[in-house]
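Enquirer: Take a look at the following structure, please.
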Amino acid sequence: MLDSDWKYVETAQKRIRIIKVDTATHSIDAFDLELGCSLNFNVDQQIDLEKIKRAKIYQATVKIYKAEFTEELERQMIESSLGNYEELKQIQAFKKSGAKPTRFDLIEITH
């Protein structure tokens, strides 16, 4: 997880379709069916990733956090995206837009 001064914004319910389960980082990539975009979720350690199946639709409870786009956070984001040109372009576009980085923590998931 990237280090920064993350501020809690809200807890939300999301319908998601699982794209990728990453047991090494204890995270998932999923498509948010309401927003129509892919998001990365940090997964609570209490959730068993072995039970989450790719391509299935789930109801997720998510804590949402925002942070200031600092030089340190930008450096960390770029380092974590090395080798992925599209992701690097997205970081630059995100920075130029003035938007705040957002972190999603998955705290509960049901079928």
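Starting from 1 in every chain, residues are counted up; chains themselves are A, B, ... following the order of the structure tokens, and ligands are numbered from 1 as listed.
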Could you pull the residues within 12 Å of Asn42 of chain A, counting only C-alpha atoms, minus those fewer than 6 positions along the same chain, as a ChimeraX atom specification?
Expert: /A:1-2,21-30,49,61-65,102-108
Enquirer: Write the residues of the preceding selection, restricted to C-alpha atoms, as a PDB file, in the first residue's frame.
Expert:
ATOM      1  CA  MET A   1       0.000   0.000   0.000  1.00  0.00           C
ATOM      2  CA  LEU A   2       1.287   3.460  -0.836  1.00  0.00           C
ATOM      3  CA  VAL A  21      -7.012 -11.685  -7.372  1.00  0.00           C
ATOM      4  CA  ASP A  22      -3.466 -10.976  -6.145  1.00  0.00           C
ATOM      5  CA  THR A  23      -2.591 -13.032  -3.070  1.00  0.00           C
ATOM      6  CA  ALA A  24       0.953 -11.591  -2.928  1.00  0.00           C
ATOM      7  CA  THR A  25      -0.296  -8.042  -2.276  1.00  0.00           C
ATOM      8  CA  HIS A  26      -3.654  -9.126  -0.773  1.00  0.00           C
ATOM      9  CA  SER A  27      -5.535  -7.017  -3.304  1.00  0.00           C
ATOM     10  CA  ILE A  28      -8.002  -7.408  -6.140  1.00  0.00           C
ATOM     11  CA  ASP A  29      -8.662  -5.630  -9.404  1.00  0.00           C
ATOM     12  CA  ALA A  30     -12.356  -5.343 -10.136  1.00  0.00           C
ATOM     13  CA  LEU A  49      -8.881 -14.450  -1.159  1.00  0.00           C
ATOM     14  CA  THR A  61     -18.432  -2.945   1.227  1.00  0.00           C
ATOM     15  CA  VAL A  62     -15.581  -0.507   0.685  1.00  0.00           C
ATOM     16  CA  LYS A  63     -13.933   2.184   2.788  1.00  0.00           C
ATOM     17  CA  ILE A  64     -12.859   5.100   0.601  1.00  0.00           C
ATOM     18  CA  TYR A  65      -9.882   7.331   1.420  1.00  0.00           C
ATOM     19  CA  THR A 102      -8.223   7.658  -3.946  1.00  0.00           C
ATOM     20  CA  ARG A 103      -7.679   4.393  -2.078  1.00  0.00           C
ATOM     21  CA  PHE A 104     -10.315   1.660  -1.781  1.00  0.00           C
ATOM     22  CA  ASP A 105     -10.173  -0.825   1.110  1.00  0.00           C
ATOM     23  CA  LEU A 106     -12.438  -3.853   0.693  1.00  0.00           C
ATOM     24  CA  ILE A 107     -13.790  -4.740   4.136  1.00  0.00           C
ATOM     25  CA  GLU A 108     -16.611  -7.154   3.236  1.00  0.00           C
TER      26      GLU A 108
END
Enquirer: When you look at Gly36 of chain A with a cut-off of 10 Å (counting only C-alpha atoms), what residues show up, excluding the ones that are within fewer than 4 positions of it in the same chain? I need them as a PyMOL selection string.
Expert: chain A and resi 16+31-32
Enquirer: Export C-alpha atoms of the chosen residues as a PDB file, in the first residue's frame?
Expert:
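Saved to result33.pdb:
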ATOM      1  CA  ILE A  16     -18.132  -5.390  -8.714  1.00  0.00           C
ATOM      2  CA  PHE A  31     -14.754  -3.622 -12.513  1.00  0.00           C
ATOM      3  CA  ASP A  32     -17.186  -1.314 -10.695  1.00  0.00           C
TER       4      ASP A  32
END
Enquirer: Residues near Tyr58 of chain A, anyone? I mean within 9 Å using only C-alpha atoms, not counting same-chain ones fewer than 6 positions away, as JSON, numbers by chain.
Expert: {"A": [14, 15, 16, 17, 18, 52, 109, 110, 111]}
Enquirer: Those same residues - C-alpha atoms - I'd like them written as a compact mmCIF listing (two decimals), in the first residue's frame.
Expert:
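As written to disk, selection-v7.txt reads:
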# COMPACT_ATOMS: atom_id res chain seq x y z
CA LYS A 14 -20.39 -1.42 -4.76
CA ARG A 15 -21.37 -4.12 -7.23
CA ILE A 16 -18.13 -5.39 -8.71
CA ARG A 17 -16.94 -8.04 -11.16
CA ILE A 18 -13.59 -9.55 -10.21
CA ILE A 52 -13.04 -14.87 -4.37
CA ILE A 109 -17.67 -9.11 0.16
CA THR A 110 -20.77 -11.24 -0.53
CA HIS A 111 -22.27 -13.06 -3.54
Enquirer: In Å, rounded to a single decimal, give me how far atom CA of Val43 of chain A is from atom CA of Glu86 of chain A.
Expert: 24.0 Å
Enquirer: Give me the residues near Ile78 of chain A as a VMD selection string, where near means some atom within 12 Å (using only C-alpha atoms) and where sequence neighbours in that chain fewer than 2 positions away do not count.
Expert: chain A and resid 2 71 to 76 80 to 92 95
Enquirer: Please dump the current selection as an mmCIF file, in the first residue's frame; keep N, CA and C atoms.
Expert:
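part-v9.cif was written with the following content:
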data_model
loop_
_atom_site.group_PDB
_atom_site.id
_atom_site.type_symbol
_atom_site.label_atom_id
_atom_site.label_comp_id
_atom_site.auth_asym_id
_atom_site.auth_seq_id
_atom_site.Cartn_x
_atom_site.Cartn_y
_atom_site.Cartn_z
ATOM 1 N N LEU A 2 0.514 2.242 -0.761
ATOM 2 C CA LEU A 2 1.287 3.460 -0.836
ATOM 3 C C LEU A 2 1.162 4.243 0.457
ATOM 4 N N GLU A 71 4.715 15.000 -3.813
ATOM 5 C CA GLU A 71 5.829 14.471 -4.608
ATOM 6 C C GLU A 71 6.167 13.043 -4.179
ATOM 7 N N GLU A 72 6.132 12.779 -2.869
ATOM 8 C CA GLU A 72 6.448 11.438 -2.353
ATOM 9 C C GLU A 72 5.421 10.410 -2.852
ATOM 10 N N LEU A 73 4.140 10.751 -2.792
ATOM 11 C CA LEU A 73 3.103 9.832 -3.261
ATOM 12 C C LEU A 73 3.240 9.601 -4.768
ATOM 13 N N GLU A 74 3.509 10.662 -5.518
ATOM 14 C CA GLU A 74 3.712 10.510 -6.962
ATOM 15 C C GLU A 74 4.877 9.567 -7.248
ATOM 16 N N ARG A 75 5.983 9.717 -6.534
ATOM 17 C CA ARG A 75 7.150 8.854 -6.716
ATOM 18 C C ARG A 75 6.774 7.394 -6.447
ATOM 19 N N GLN A 76 6.036 7.158 -5.360
ATOM 20 C CA GLN A 76 5.628 5.796 -5.013
ATOM 21 C C GLN A 76 4.714 5.212 -6.087
ATOM 22 N N SER A 80 5.595 1.945 -8.442
ATOM 23 C CA SER A 80 4.737 0.756 -8.463
ATOM 24 C C SER A 80 4.189 0.472 -9.861
ATOM 25 N N SER A 81 4.317 1.437 -10.778
ATOM 26 C CA SER A 81 3.798 1.276 -12.137
ATOM 27 C C SER A 81 4.880 1.072 -13.181
ATOM 28 N N LEU A 82 6.129 0.956 -12.747
ATOM 29 C CA LEU A 82 7.220 0.793 -13.713
ATOM 30 C C LEU A 82 6.954 -0.416 -14.614
ATOM 31 N N GLY A 83 7.175 -0.214 -15.904
ATOM 32 C CA GLY A 83 6.934 -1.284 -16.865
ATOM 33 C C GLY A 83 5.532 -1.268 -17.435
ATOM 34 N N ASN A 84 4.655 -0.428 -16.899
ATOM 35 C CA ASN A 84 3.286 -0.348 -17.390
ATOM 36 C C ASN A 84 3.052 1.065 -17.934
ATOM 37 N N TYR A 85 3.316 1.244 -19.227
ATOM 38 C CA TYR A 85 3.260 2.561 -19.858
ATOM 39 C C TYR A 85 1.881 3.209 -19.706
ATOM 40 N N GLU A 86 0.828 2.437 -19.884
ATOM 41 C CA GLU A 86 -0.529 2.990 -19.772
ATOM 42 C C GLU A 86 -0.792 3.531 -18.371
ATOM 43 N N GLU A 87 -0.359 2.798 -17.358
ATOM 44 C CA GLU A 87 -0.560 3.241 -15.982
ATOM 45 C C GLU A 87 0.249 4.509 -15.698
ATOM 46 N N LEU A 88 1.453 4.590 -16.237
ATOM 47 C CA LEU A 88 2.271 5.796 -16.066
ATOM 48 C C LEU A 88 1.597 7.008 -16.708
ATOM 49 N N LYS A 89 1.009 6.821 -17.896
ATOM 50 C CA LYS A 89 0.270 7.912 -18.554
ATOM 51 C C LYS A 89 -0.929 8.333 -17.706
ATOM 52 N N GLN A 90 -1.610 7.365 -17.102
ATOM 53 C CA GLN A 90 -2.764 7.682 -16.259
ATOM 54 C C GLN A 90 -2.357 8.500 -15.046
ATOM 55 N N ILE A 91 -1.213 8.191 -14.447
ATOM 56 C CA ILE A 91 -0.730 8.939 -13.287
ATOM 57 C C ILE A 91 -0.480 10.397 -13.671
ATOM 58 N N GLN A 92 0.157 10.607 -14.816
ATOM 59 C CA GLN A 92 0.435 11.974 -15.262
ATOM 60 C C GLN A 92 -0.860 12.739 -15.552
ATOM 61 N N LYS A 95 -2.532 13.634 -12.264
ATOM 62 C CA LYS A 95 -1.851 14.746 -11.599
ATOM 63 C C LYS A 95 -2.237 16.076 -12.247
#
Enquirer: Would you return as a PyMOL selection string the members of chain A that DSSP assigns to strand (DSSP E) on this structure's backbone?
Expert: chain A and resi 7-22+27-32+37-43+57-66+102-110
Enquirer: Dump C-alpha atoms for the selected residues as a PDB file, in the first residue's frame?
Expert:
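This is the output file result_31.pdb:
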ATOM      1  CA  LYS A   7      -8.192  10.753   4.964  1.00  0.00           C
ATOM      2  CA  TYR A   8     -11.311   8.619   5.374  1.00  0.00           C
ATOM      3  CA  VAL A   9     -14.163   9.867   3.154  1.00  0.00           C
ATOM      4  CA  GLU A  10     -16.977   7.282   3.338  1.00  0.00           C
ATOM      5  CA  THR A  11     -18.002   3.638   3.385  1.00  0.00           C
ATOM      6  CA  ALA A  12     -19.860   2.592   0.245  1.00  0.00           C
ATOM      7  CA  GLN A  13     -21.564  -0.436  -1.278  1.00  0.00           C
ATOM      8  CA  LYS A  14     -20.385  -1.420  -4.763  1.00  0.00           C
ATOM      9  CA  ARG A  15     -21.373  -4.121  -7.226  1.00  0.00           C
ATOM     10  CA  ILE A  16     -18.132  -5.390  -8.714  1.00  0.00           C
ATOM     11  CA  ARG A  17     -16.943  -8.044 -11.160  1.00  0.00           C
ATOM     12  CA  ILE A  18     -13.592  -9.549 -10.215  1.00  0.00           C
ATOM     13  CA  ILE A  19     -10.817  -9.145 -12.796  1.00  0.00           C
ATOM     14  CA  LYS A  20      -7.760 -10.336 -10.858  1.00  0.00           C
ATOM     15  CA  VAL A  21      -7.012 -11.685  -7.372  1.00  0.00           C
ATOM     16  CA  ASP A  22      -3.466 -10.976  -6.145  1.00  0.00           C
ATOM     17  CA  SER A  27      -5.535  -7.017  -3.304  1.00  0.00           C
ATOM     18  CA  ILE A  28      -8.002  -7.408  -6.140  1.00  0.00           C
ATOM     19  CA  ASP A  29      -8.662  -5.630  -9.404  1.00  0.00           C
ATOM     20  CA  ALA A  30     -12.356  -5.343 -10.136  1.00  0.00           C
ATOM     21  CA  PHE A  31     -14.754  -3.622 -12.513  1.00  0.00           C
ATOM     22  CA  ASP A  32     -17.186  -1.314 -10.695  1.00  0.00           C
ATOM     23  CA  CYS A  37     -14.448   1.499 -14.606  1.00  0.00           C
ATOM     24  CA  SER A  38     -11.741  -0.749 -13.195  1.00  0.00           C
ATOM     25  CA  LEU A  39     -10.512  -0.161  -9.639  1.00  0.00           C
ATOM     26  CA  ASN A  40      -7.884  -1.694  -7.384  1.00  0.00           C
ATOM     27  CA  PHE A  41      -8.961  -2.702  -3.869  1.00  0.00           C
ATOM     28  CA  ASN A  42      -6.748  -3.408  -0.863  1.00  0.00           C
ATOM     29  CA  VAL A  43      -8.389  -6.399   0.816  1.00  0.00           C
ATOM     30  CA  ILE A  57     -20.095 -10.481  -9.502  1.00  0.00           C
ATOM     31  CA  TYR A  58     -20.044  -9.553  -5.808  1.00  0.00           C
ATOM     32  CA  GLN A  59     -21.532  -6.962  -3.488  1.00  0.00           C
ATOM     33  CA  ALA A  60     -18.609  -5.200  -1.804  1.00  0.00           C
ATOM     34  CA  THR A  61     -18.432  -2.945   1.227  1.00  0.00           C
ATOM     35  CA  VAL A  62     -15.581  -0.507   0.685  1.00  0.00           C
ATOM     36  CA  LYS A  63     -13.933   2.184   2.788  1.00  0.00           C
ATOM     37  CA  ILE A  64     -12.859   5.100   0.601  1.00  0.00           C
ATOM     38  CA  TYR A  65      -9.882   7.331   1.420  1.00  0.00           C
ATOM     39  CA  LYS A  66      -8.351  10.371  -0.319  1.00  0.00           C
ATOM     40  CA  THR A 102      -8.223   7.658  -3.946  1.00  0.00           C
ATOM     41  CA  ARG A 103      -7.679   4.393  -2.078  1.00  0.00           C
ATOM     42  CA  PHE A 104     -10.315   1.660  -1.781  1.00  0.00           C
ATOM     43  CA  ASP A 105     -10.173  -0.825   1.110  1.00  0.00           C
ATOM     44  CA  LEU A 106     -12.438  -3.853   0.693  1.00  0.00           C
ATOM     45  CA  ILE A 107     -13.790  -4.740   4.136  1.00  0.00           C
ATOM     46  CA  GLU A 108     -16.611  -7.154   3.236  1.00  0.00           C
ATOM     47  CA  ILE A 109     -17.674  -9.108   0.157  1.00  0.00           C
ATOM     48  CA  THR A 110     -20.771 -11.242  -0.531  1.00  0.00           C
TER      49      THR A 110
END
Enquirer: Could you tell me, as a list in words, which residues of chain A DSSP assigns to alpha helix (DSSP H) when given the backbone?
Expert: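 Filtering chain A to alpha helix (DSSP H) leaves Glu71, Glu72, Leu73, Glu74, Arg75, Gln76, Met77, Ile78, Glu79, Ser80, Tyr85, Glu86, Glu87, Leu88, Lys89, Gln90, Ile91, Gln92, Ala93, Phe94, Lys95, Lys96 and Ser97 of chain A.
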Enquirer: Could you check which of A:Ile47, A:Glu34, A:Lys53, A:Lys100 is closest to Thr70 of chain A, using only C-alpha atoms?
Expert: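 Closest to Thr70 of chain A, using only C-alpha atoms: A:Lys100.
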Enquirer: Please indicate the distance in Å from atom CA of Gly98 of chain A to atom CA of Glu79 of chain A, rounded to one decimal place.
Expert: 20.3 Å
Enquirer: In Å, with one decimal, what is the gap from atom CA of Trp6 of chain A to atom CA of Ala93 of chain A?
Expert: 20.6 Å
